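This is final33.cif (mmCIF, C-alpha atoms and all ligand atoms).
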data_my_file
#
loop_
_atom_site.label_atom_id
_atom_site.label_comp_id
_atom_site.auth_asym_id
_atom_site.auth_seq_id
_atom_site.Cartn_x
_atom_site.Cartn_y
_atom_site.Cartn_z
CA MET A 1 109.02 71.09 121.62
CA THR A 2 111.47 73.92 121.15
CA GLU A 3 110.85 77.42 119.90
CA LEU A 4 112.83 76.40 116.80
CA SER A 5 110.17 73.92 115.76
CA MET A 6 107.36 76.50 115.67
CA ARG A 7 106.30 78.73 112.77
CA LYS A 8 107.16 82.23 113.94
CA ILE A 9 105.19 85.38 113.18
CA GLN A 10 108.42 87.38 112.67
CA ASP A 11 109.11 85.24 109.61
CA LEU A 12 106.27 87.19 107.96
CA ALA A 13 107.82 90.59 108.74
CA GLY A 14 107.24 92.97 105.83
CA GLN A 15 104.44 90.81 104.41
CA LEU A 16 101.62 91.63 106.81
CA LYS A 17 100.38 94.98 105.51
CA GLY A 18 96.57 94.86 105.35
CA LYS A 19 96.56 91.20 106.40
CA LYS A 20 93.75 90.25 108.75
CA VAL A 21 95.20 88.61 111.83
CA LEU A 22 93.29 86.74 114.51
CA LEU A 23 95.44 87.05 117.65
CA ARG A 24 94.78 84.73 120.60
CA VAL A 25 95.77 86.63 123.74
CA ASP A 26 95.28 85.78 127.39
CA PHE A 27 93.52 88.60 129.21
CA ASP A 28 92.23 86.24 131.91
CA VAL A 29 92.93 88.62 134.79
CA PRO A 30 91.42 88.82 138.27
CA VAL A 31 88.68 91.47 138.51
CA VAL A 32 86.93 92.84 141.60
CA ASP A 33 84.22 95.50 141.33
CA VAL A 34 85.04 96.13 137.65
CA GLN A 35 88.69 96.80 138.56
CA ILE A 36 91.49 94.71 137.09
CA GLN A 37 93.50 93.53 140.10
CA GLU A 38 96.64 92.23 138.40
CA PRO A 39 97.42 93.43 134.87
CA PHE A 40 100.57 91.32 134.36
CA ARG A 41 99.06 89.13 131.64
CA ILE A 42 97.77 92.16 129.74
CA HIS A 43 101.15 93.95 129.86
CA CYS A 44 102.76 90.82 128.45
CA GLN A 45 100.69 91.12 125.23
CA LYS A 46 101.67 94.70 124.45
CA GLU A 47 104.86 93.89 122.56
CA MET A 48 103.02 91.55 120.15
CA ILE A 49 100.16 93.98 119.54
CA ASP A 50 102.56 96.87 118.92
CA TRP A 51 104.59 94.74 116.52
CA LEU A 52 101.52 93.81 114.46
CA ILE A 53 100.43 97.46 114.36
CA LYS A 54 103.88 98.47 113.14
CA GLU A 55 103.53 95.81 110.42
CA GLU A 56 100.21 97.46 109.47
CA ALA A 57 98.27 94.24 110.01
CA GLN A 58 94.59 94.41 110.94
CA VAL A 59 94.30 92.75 114.33
CA VAL A 60 91.36 91.23 116.11
CA MET A 61 92.16 89.73 119.50
CA VAL A 62 90.33 86.87 121.10
CA SER A 63 90.55 85.84 124.76
CA HIS A 64 88.62 84.26 127.57
CA ILE A 65 88.08 85.72 131.03
CA SER A 66 86.81 83.86 134.08
CA ALA A 67 86.30 86.62 136.65
CA VAL A 68 83.51 88.37 134.70
CA ASP A 69 81.23 87.39 131.81
CA SER A 70 82.23 90.15 129.43
CA PHE A 71 85.14 92.42 128.60
CA ALA A 72 82.71 95.29 127.89
CA ASP A 73 83.23 97.19 131.16
CA LEU A 74 86.98 96.60 131.16
CA MET A 75 87.68 98.28 127.82
CA PRO A 76 88.74 101.69 129.25
CA GLN A 77 91.28 99.92 131.49
CA LEU A 78 92.56 97.83 128.57
CA HIS A 79 93.01 101.01 126.58
CA ILE A 80 95.23 102.46 129.33
CA LEU A 81 97.16 99.24 130.00
CA LEU A 82 97.95 98.71 126.33
CA GLY A 83 98.50 102.41 125.54
CA GLN A 84 96.30 101.75 122.58
CA GLU A 85 92.70 102.24 121.51
CA VAL A 86 90.98 98.84 121.29
CA GLY A 87 87.55 98.40 119.72
CA PHE A 88 85.06 96.14 121.46
CA ILE A 89 83.46 93.49 119.26
CA LYS A 90 80.41 92.08 120.93
CA ASP A 91 79.81 89.06 118.77
CA ILE A 92 81.57 86.89 116.18
CA SER A 93 78.91 88.00 113.67
CA ASP A 94 80.16 91.61 114.10
CA VAL A 95 83.75 90.79 113.12
CA ALA A 96 83.22 91.14 109.36
CA ALA A 97 81.84 94.69 109.75
CA TYR A 98 84.69 95.56 112.13
CA LEU A 99 87.29 94.43 109.60
CA ALA A 100 85.50 96.19 106.74
CA SER A 101 85.80 99.58 108.46
CA TYR A 102 89.01 98.75 110.36
CA ALA A 103 90.59 101.60 112.31
CA THR A 104 92.19 100.14 115.46
CA PRO A 105 92.82 96.66 116.89
CA GLY A 106 89.66 95.05 118.21
CA LEU A 107 88.87 92.61 120.98
CA LEU A 108 86.15 90.03 120.56
CA ASP A 109 84.17 89.48 123.73
CA ASN A 110 84.87 86.56 126.10
CA ILE A 111 85.14 83.51 123.86
CA ARG A 112 83.99 81.23 126.69
CA GLN A 113 80.51 82.71 126.27
CA HIS A 114 80.37 80.11 123.50
CA GLU A 115 79.82 76.55 124.62
CA GLY A 116 81.94 75.25 121.77
CA GLU A 117 85.11 76.91 123.06
CA LYS A 118 85.88 74.34 125.75
CA ASN A 119 84.77 71.48 123.47
CA ASP A 120 87.29 72.42 120.80
CA ASP A 121 84.29 72.73 118.50
CA ALA A 122 85.24 72.82 114.81
CA ALA A 123 82.12 74.80 113.87
CA LEU A 124 82.98 77.55 116.38
CA ALA A 125 86.56 77.64 115.13
CA LYS A 126 85.26 77.94 111.58
CA SER A 127 83.01 80.89 112.33
CA LEU A 128 85.83 82.49 114.32
CA ALA A 129 88.25 82.11 111.40
CA GLN A 130 85.87 83.79 108.93
CA GLY A 131 87.49 86.75 107.16
CA PHE A 132 91.02 86.24 108.59
CA ASP A 133 94.21 85.51 106.69
CA LEU A 134 96.08 83.98 109.59
CA TYR A 135 96.06 83.09 113.26
CA VAL A 136 98.66 83.95 115.88
CA ASN A 137 98.71 82.19 119.24
CA ASN A 138 100.26 84.42 121.89
CA ALA A 139 98.33 82.98 124.84
CA PHE A 140 100.86 80.67 126.46
CA ALA A 141 98.81 80.35 129.66
CA VAL A 142 95.98 78.61 127.82
CA SER A 143 98.09 76.54 125.40
CA HIS A 144 97.66 73.38 127.47
CA ARG A 145 93.93 73.50 126.71
CA LYS A 146 92.33 71.78 123.75
CA HIS A 147 89.94 74.67 123.13
CA ALA A 148 88.47 75.98 119.87
CA SER A 149 90.36 79.30 119.86
CA VAL A 150 93.60 77.56 120.87
CA HIS A 151 93.53 74.25 119.02
CA ALA A 152 90.68 73.69 116.50
CA ILE A 153 91.42 77.07 114.91
CA GLY A 154 94.82 75.71 113.87
CA GLN A 155 93.16 73.25 111.51
CA ILE A 156 91.52 76.14 109.65
CA LEU A 157 93.91 79.11 109.47
CA PRO A 158 97.66 79.22 108.83
CA SER A 159 98.95 79.43 112.40
CA TYR A 160 101.98 81.15 113.88
CA ALA A 161 103.64 81.45 117.28
CA GLY A 162 103.50 84.93 118.79
CA LEU A 163 106.48 86.65 120.43
CA LEU A 164 105.45 85.86 124.00
CA ILE A 165 104.83 82.16 123.28
CA GLN A 166 108.26 81.86 121.72
CA GLU A 167 109.92 83.46 124.73
CA GLU A 168 108.00 81.28 127.20
CA VAL A 169 108.89 78.11 125.31
CA ARG A 170 112.53 79.15 124.99
CA ARG A 171 112.88 79.87 128.73
CA LEU A 172 111.10 76.71 129.85
CA GLN A 173 112.93 74.50 127.38
CA GLN A 174 116.19 75.96 128.73
CA VAL A 175 115.17 74.73 132.17
CA ILE A 176 114.53 71.23 130.86
CA ASP A 177 117.73 71.11 128.80
CA ALA A 178 120.02 72.54 131.49
CA PRO A 179 122.42 70.04 133.05
CA SER A 180 121.11 68.52 136.27
CA GLN A 181 124.06 69.83 138.24
CA GLY A 182 123.04 73.16 139.75
CA LYS A 183 119.40 72.87 138.64
CA VAL A 184 117.04 73.37 141.58
CA VAL A 185 113.27 72.98 141.30
CA ILE A 186 111.05 74.55 143.95
CA MET A 187 107.47 73.26 144.13
CA GLY A 188 104.79 74.52 146.43
CA GLY A 189 101.12 75.38 146.43
CA ALA A 190 98.33 72.91 145.99
CA LYS A 191 96.78 70.78 143.20
CA ALA A 192 98.84 67.58 143.23
CA SER A 193 97.49 66.64 139.79
CA THR A 194 99.48 69.48 138.21
CA LYS A 195 102.56 69.49 140.48
CA VAL A 196 103.40 65.80 140.93
CA PRO A 197 104.00 65.22 137.17
CA VAL A 198 106.59 68.02 137.25
CA ILE A 199 108.36 66.49 140.27
CA ARG A 200 108.26 63.08 138.57
CA HIS A 201 109.73 64.48 135.34
CA LEU A 202 112.35 66.83 136.78
CA LEU A 203 113.56 64.95 139.87
CA PRO A 204 115.83 62.60 137.90
CA GLN A 205 117.32 65.54 135.97
CA SER A 206 117.82 68.07 138.77
CA GLU A 207 120.23 68.54 141.61
CA ALA A 208 117.41 69.06 144.10
CA VAL A 209 113.64 69.43 144.27
CA LEU A 210 112.54 71.55 147.24
CA VAL A 211 108.96 71.03 148.28
CA GLY A 212 106.63 73.23 150.34
CA GLY A 213 102.93 74.04 150.43
CA VAL A 214 100.19 71.44 150.45
CA ILE A 215 102.29 69.21 148.24
CA ALA A 216 104.78 68.81 151.11
CA ASN A 217 101.96 67.52 153.33
CA ASP A 218 100.99 65.12 150.55
CA ILE A 219 104.49 63.68 150.34
CA LEU A 220 104.89 63.42 154.11
CA LYS A 221 101.59 61.60 154.33
CA ALA A 222 102.59 59.24 151.52
CA GLN A 223 105.77 58.51 153.51
CA GLY A 224 103.56 57.46 156.40
CA LYS A 225 104.23 60.55 158.54
CA ASP A 226 101.54 62.19 160.64
CA VAL A 227 100.39 65.50 159.12
CA LYS A 228 97.56 65.90 161.66
CA ALA A 229 94.81 68.20 160.39
CA SER A 230 96.92 69.66 157.53
CA LEU A 231 95.33 70.18 154.15
CA VAL A 232 96.13 67.31 151.79
CA ASP A 233 95.08 66.48 148.26
CA GLU A 234 92.90 63.38 147.79
CA ASP A 235 94.51 62.59 144.44
CA ALA A 236 98.03 62.68 145.86
CA PRO A 237 98.52 59.06 147.00
CA THR A 238 97.75 57.68 143.52
CA LEU A 239 99.76 60.37 141.77
CA LEU A 240 102.79 59.81 143.98
CA THR A 241 102.98 56.03 143.49
CA ASP A 242 105.66 56.21 140.80
CA VAL A 243 107.70 59.03 142.36
CA ASN A 244 110.76 57.88 144.29
CA LEU A 245 109.95 59.45 147.64
CA ASN A 246 113.24 58.20 149.10
CA ASP A 247 115.34 59.99 146.51
CA PRO A 248 117.84 62.06 148.55
CA LYS A 249 117.41 64.88 146.00
CA LEU A 250 113.78 65.31 147.08
CA LEU A 251 113.93 67.77 149.99
CA ILE A 252 110.87 67.82 152.23
CA PRO A 253 110.48 70.43 155.02
CA ALA A 254 111.79 69.29 158.40
CA ASP A 255 109.60 71.72 160.33
CA PHE A 256 106.50 73.86 159.86
CA VAL A 257 104.70 76.91 161.14
CA GLU A 258 101.57 75.33 162.55
CA ASP A 259 98.17 76.53 163.62
CA GLN A 260 95.33 74.38 164.90
CA GLN A 261 97.20 71.16 164.07
CA LYS A 262 97.81 72.27 160.50
CA ASN A 263 101.13 72.74 158.66
CA LEU A 264 100.56 76.18 157.14
CA ASP A 265 104.08 77.28 156.21
CA ILE A 266 107.58 75.86 156.18
CA GLY A 267 109.49 76.41 159.45
CA PRO A 268 112.83 78.13 160.23
CA GLN A 269 114.99 74.97 159.93
CA SER A 270 113.50 74.19 156.52
CA ILE A 271 113.99 77.79 155.41
CA ALA A 272 117.66 77.68 156.42
CA HIS A 273 118.16 74.39 154.57
CA PHE A 274 116.40 75.62 151.43
CA GLN A 275 118.34 78.91 151.51
CA LYS A 276 121.59 76.98 151.52
CA VAL A 277 120.57 74.83 148.54
CA ILE A 278 119.41 77.93 146.65
CA SER A 279 122.69 79.75 147.31
CA HIS A 280 124.59 76.95 145.52
CA ALA A 281 122.21 76.65 142.55
CA SER A 282 122.96 77.83 139.03
CA LEU A 283 119.37 77.66 137.73
CA ILE A 284 116.11 77.79 139.64
CA VAL A 285 112.55 77.13 138.57
CA TRP A 286 109.87 77.95 141.12
CA ASN A 287 106.13 77.34 141.14
CA GLY A 288 103.83 77.47 144.14
CA PRO A 289 103.91 79.35 147.45
CA MET A 290 105.57 77.64 150.43
CA GLY A 291 102.59 78.29 152.67
CA MET A 292 99.14 79.81 153.02
CA PHE A 293 100.61 83.21 152.16
CA GLU A 294 97.24 85.01 151.99
CA ASP A 295 97.48 85.12 155.78
CA ALA A 296 100.52 87.23 156.74
CA ARG A 297 101.40 84.77 159.53
CA PHE A 298 102.15 82.15 156.88
CA MET A 299 103.93 84.32 154.30
CA GLY A 300 107.38 83.88 155.91
CA GLY A 301 108.49 80.80 153.97
CA THR A 302 107.46 82.22 150.60
CA LYS A 303 109.14 85.55 151.41
CA ALA A 304 112.36 83.86 152.50
CA ILE A 305 112.48 81.72 149.34
CA ALA A 306 111.81 84.72 147.09
CA GLU A 307 114.55 86.72 148.80
CA ALA A 308 117.01 83.82 148.75
CA ILE A 309 116.60 83.49 144.98
CA LEU A 310 117.15 87.22 144.48
CA VAL A 311 120.12 87.40 146.86
CA SER A 312 121.81 84.46 145.14
CA GLY A 313 121.46 86.28 141.80
CA VAL A 314 120.87 82.88 140.20
CA GLN A 315 119.21 82.54 136.80
CA ASN A 316 115.54 81.85 137.48
CA VAL A 317 112.14 81.14 136.01
CA ILE A 318 109.03 81.52 138.15
CA GLY A 319 105.34 81.10 137.45
CA GLY A 320 101.89 80.30 138.79
CA GLY A 321 99.02 82.67 139.50
CA ASP A 322 99.39 82.56 143.27
CA THR A 323 103.19 82.57 143.16
CA ILE A 324 103.10 85.75 141.08
CA ALA A 325 100.47 87.28 143.38
CA ALA A 326 102.59 86.49 146.46
CA VAL A 327 105.82 87.83 144.99
CA ASN A 328 104.01 90.90 143.72
CA GLN A 329 102.55 91.49 147.17
CA LEU A 330 106.13 91.46 148.48
CA GLY A 331 107.06 94.09 145.87
CA LEU A 332 109.64 91.76 144.32
CA LEU A 333 108.06 90.67 141.04
CA GLU A 334 110.13 92.91 138.72
CA ARG A 335 113.36 91.56 140.12
CA PHE A 336 112.87 87.99 138.96
CA GLY A 337 114.58 86.71 135.81
CA PHE A 338 111.68 85.36 133.84
CA VAL A 339 108.08 85.33 135.00
CA SER A 340 105.93 82.89 133.05
CA THR A 341 102.32 83.90 132.38
CA GLY A 342 101.41 80.22 132.54
CA GLY A 343 100.41 78.34 135.67
CA GLY A 344 98.93 75.09 134.38
CA ALA A 345 100.62 75.54 131.00
CA MET A 346 104.03 76.07 132.59
CA LEU A 347 103.61 72.95 134.72
CA ALA A 348 102.38 70.86 131.77
CA PHE A 349 105.40 71.99 129.75
CA LEU A 350 107.81 71.22 132.59
CA ALA A 351 106.18 67.81 133.03
CA GLY A 352 107.18 67.03 129.45
CA GLU A 353 103.64 67.02 128.08
CA ASN A 354 102.67 68.09 124.58
CA LEU A 355 100.60 71.28 124.68
CA PRO A 356 97.76 71.25 122.09
CA GLY A 357 98.05 75.00 121.46
CA LEU A 358 101.76 74.64 120.65
CA GLU A 359 101.42 71.46 118.61
CA ILE A 360 99.37 73.31 115.97
CA LEU A 361 102.22 75.82 115.51
CA LYS A 362 104.77 73.21 114.43
P1 LIG B 401 100.17 78.71 141.89
O1 LIG B 401 98.92 79.44 141.49
O2 LIG B 401 101.32 79.61 142.09
O3 LIG B 401 100.47 77.56 140.96
P2 LIG B 401 98.72 77.02 143.70
O4 LIG B 401 97.43 77.49 143.13
O5 LIG B 401 99.14 75.64 143.40
O6 LIG B 401 99.90 78.03 143.33
O7 LIG B 401 98.68 77.10 145.29
C1 LIG B 401 98.47 78.28 145.99
C2 LIG B 401 97.55 78.05 147.14
O8 LIG B 401 98.08 77.06 148.01
C3 LIG B 401 97.37 79.30 147.96
O9 LIG B 401 96.00 79.62 148.01
C4 LIG B 401 97.91 78.93 149.34
O10 LIG B 401 97.15 79.47 150.40
C5 LIG B 401 97.77 77.43 149.34
N1 LIG B 401 98.68 76.81 150.30
C6 LIG B 401 100.02 76.74 150.23
N2 LIG B 401 100.51 76.07 151.28
C7 LIG B 401 99.47 75.69 152.05
C8 LIG B 401 99.32 74.97 153.28
N3 LIG B 401 100.39 74.50 153.91
N4 LIG B 401 98.08 74.77 153.73
C9 LIG B 401 97.00 75.25 153.07
N5 LIG B 401 97.08 75.94 151.92
C10 LIG B 401 98.29 76.16 151.41
MG MG B 402 96.82 79.04 141.83
#
Represent the supplied structure as structure tokens.
Ligand code: ADP
Ligand code: MG
Amino acid sequence: MTELSMRKIQDLAGQLKGKKVLLRVDFDVPVVDVQIQEPFRIHCQKEMIDWLIKEEAQVVMVSHISAVDSFADLMPQLHILLGQEVGFIKDISDVAAYLASYATPGLLDNIRQHEGEKNDDAALAKSLAQGFDLYVNNAFAVSHRKHASVHAIGQILPSYAGLLIQEEVRRLQQVIDAPSQGKVVIMGGAKASTKVPVIRHLLPQSEAVLVGGVIANDILKAQGKDVKASLVDEDAPTLLTDVNLNDPKLLIPADFVEDQQKNLDIGPQSIAHFQKVISHASLIVWNGPMGMFEDARFMGGTKAIAEAILVSGVQNVIGGGDTIAAVNQLGLLERFGFVSTGGGAMLAFLAGENLPGLEILK
């Protein structure tokens, strides 16, 4: 999959006046006490929305959100974050009336309120498509899901790749296509089921894969080493069976910051080794914190890796919800080369999988 193989919304420039566009965005942001905690994913949609407004299209956005049931109470914050009035559309049955008296872009309430969304239900997609001329997917972070507003909708409306999706695909494909010499992959965090496929796919075509986080414990354990009471992933042994754990390019931490018999961050020797590899890299892709960064005592490895990437000035792509949160907490997020909005989607792409939400845009 390259961005060249997708139908692009810009190809309709000048032809969108009055056209009714269903825009899949990803506003799945963390919320605490009705306050959006991290608006990164919302900011990333602004360019696409502004472009469609400039084209005089009539835009209705659709998104899911996990932290709360409804977008209703978040609308004033969305208005500020997007610098744009956005109408709230409570139900799919209200869309027709909204379009009939269209004034500003609208946002349909949390699509996951409908059971059919996660089942890729054709009937839900059909009712969602009602009244629209075309569909734009700009929600990269959910494109690995076979959901009605991401996949089934593509069977009903003419479908186009949004600006953000194109940029994400371009940057990630660049990582895959880059020569192995100088390409360094950094994997941390948890969830072996999403990380091991990336290691399996990229290890043969990289100069080095640096591993931290829970996934490092998983690999050490699979190598028969004692990880004491460290957190490990139950799925890991099966997932790791066809990864060459003796590949000299696979760099596992030599020491850890420990607490109560648990490896909770990579140690100083490992940091020094990883820093050296990073300083010689020409392209870096990073997903997953090196340790349990939520506790300041175990933020050191993640901080050192983030700083090493920035100091080296190397071309880089980073992603993952917790990786972004950690880097943002360090005040370094803006300094990275490309920050993917996708966690699972980024990993699925890097693992060489076909993403259902991208397949429909071909
Ligand atoms: P991302 O969202 O960036 O893809 P993950 O969700 O895979 O990252 O992993 C982040 C989580 O992994 C964090 O909650 C962090 O505390 C945890 N973590 C990382 N290293 C360890 C460790 N050594 N022990 C326990 N938890 C860890
Ligand atoms: Mg996470």
One decimal place gives the CA of Leu251 (chain A)-CA of Gly212 (chain A) separation as 9.1 Å
One-decimal distance in Å that lies between CA of Phe336 (chain A) and atom N4 of ligand LIG 401 (chain B) =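 Those two atoms sit 24.7 Å apart.
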Ligand LIG 401 (chain B): which residues are within 7 Å, counting all atoms listed in the file, as a count of residues only?
-> 27
Show which residues sit within 12 Å of Ala229 (chain A), as a PyMOL selection string. Count only C-alpha atoms, and ignore same-chain residues fewer than 5 positions away.
-> chain A and resi 214+217+221+258-264
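Distance check against ligand MG 402 (chain B) using all atoms listed in the file: of A:Lys195, A:Phe349, A:Leu245, A:Gly313, the minimum falls on A:Lys195.
Going from CA of His64 (chain A) over to CA of Gly18 (chain A), you cover 25.9 Å.
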Of A:Asn246, A:Gln269, A:Asn137, A:Thr194, the one nearest to ligand MG 402 (chain B) when counting all atoms listed in the file is A:Thr194
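Distance annotation: of A:Gly357, A:Gly331, A:Gly267, A:Gly87, the residue with the minimal separation from Gly300 (chain A) is A:Gly267; atom set is only C-alpha atoms.
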Nearest-residue call for Ala308 (chain A), choices A:Ala325, A:Ile284, A:Leu74, A:Ile266, using all atoms listed in the file |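 Among the listed residues, A:Ile284 lies closest to Ala308 (chain A).
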Within 10 Å of Lys90 (chain A), counting all atoms listed in the file, which residues qualify if same-chain residues fewer than 3 places away don't, as a list in words?
-> Ser70, Phe71, Ala72, Gly87, Ser93, Asp94, Val95, Leu107, Leu108, Asp109 and Asn110 of chain A
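With all atoms listed in the file as the basis for measurement, A:Ala192 is the residue among A:Val184, A:Ala192, A:Val227, A:Leu361 that approaches ligand MG 402 (chain B) most closely.
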Minimum-distance residue to Leu172 (chain A), chosen among A:Phe256, A:Phe140, A:Lys303, A:Gln84 (using only C-alpha atoms) |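 Counting only C-alpha atoms, the residue closest to Leu172 (chain A) is A:Phe140.
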Shell of 8 Å around Asn138 (chain A), all atoms listed in the file, local chain residues under 5 positions omitted, as a list in words = Leu23, Arg24, Val25, Asp26, Gln45, Met48, Ala161, Gly162, Leu163, Leu164 and Ile165 of chain A
Using only the atoms of region 194-205 of chain A listed in the file, plus 6 Å on each side, state the axis-aligned box centre and edge lengths in Å rounded to one decimal, as AutoDock Vina command-line options.
--center_x 108.4 --center_y 66.0 --center_z 138.1 --size_x 29.8 --size_y 18.9 --size_z 17.6
Which residues, written as a count of residues only, have at least one atom at most 7 Å from Asn119 (chain A), with all atoms listed in the file counted and residues fewer than 3 positions away on the same chain left out?
-> 3
Identify, on the basis of only C-alpha atoms, every residue whose closest approach to Asp133 (chain A) does not exceed 12 Å; exclude the query and any residue fewer than 4 positions from it along the same chain; express the result as a list in words.
->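 Listing them by chain and then by number gives Gln15, Leu16, Lys17, Gly18, Lys19, Lys20, Val21, Leu22, Leu23, Ala57, Gln58, Val59, Val60, Leu99, Leu128, Ala129, Ile156, Leu157, Pro158, Ser159 and Tyr160 of chain A.
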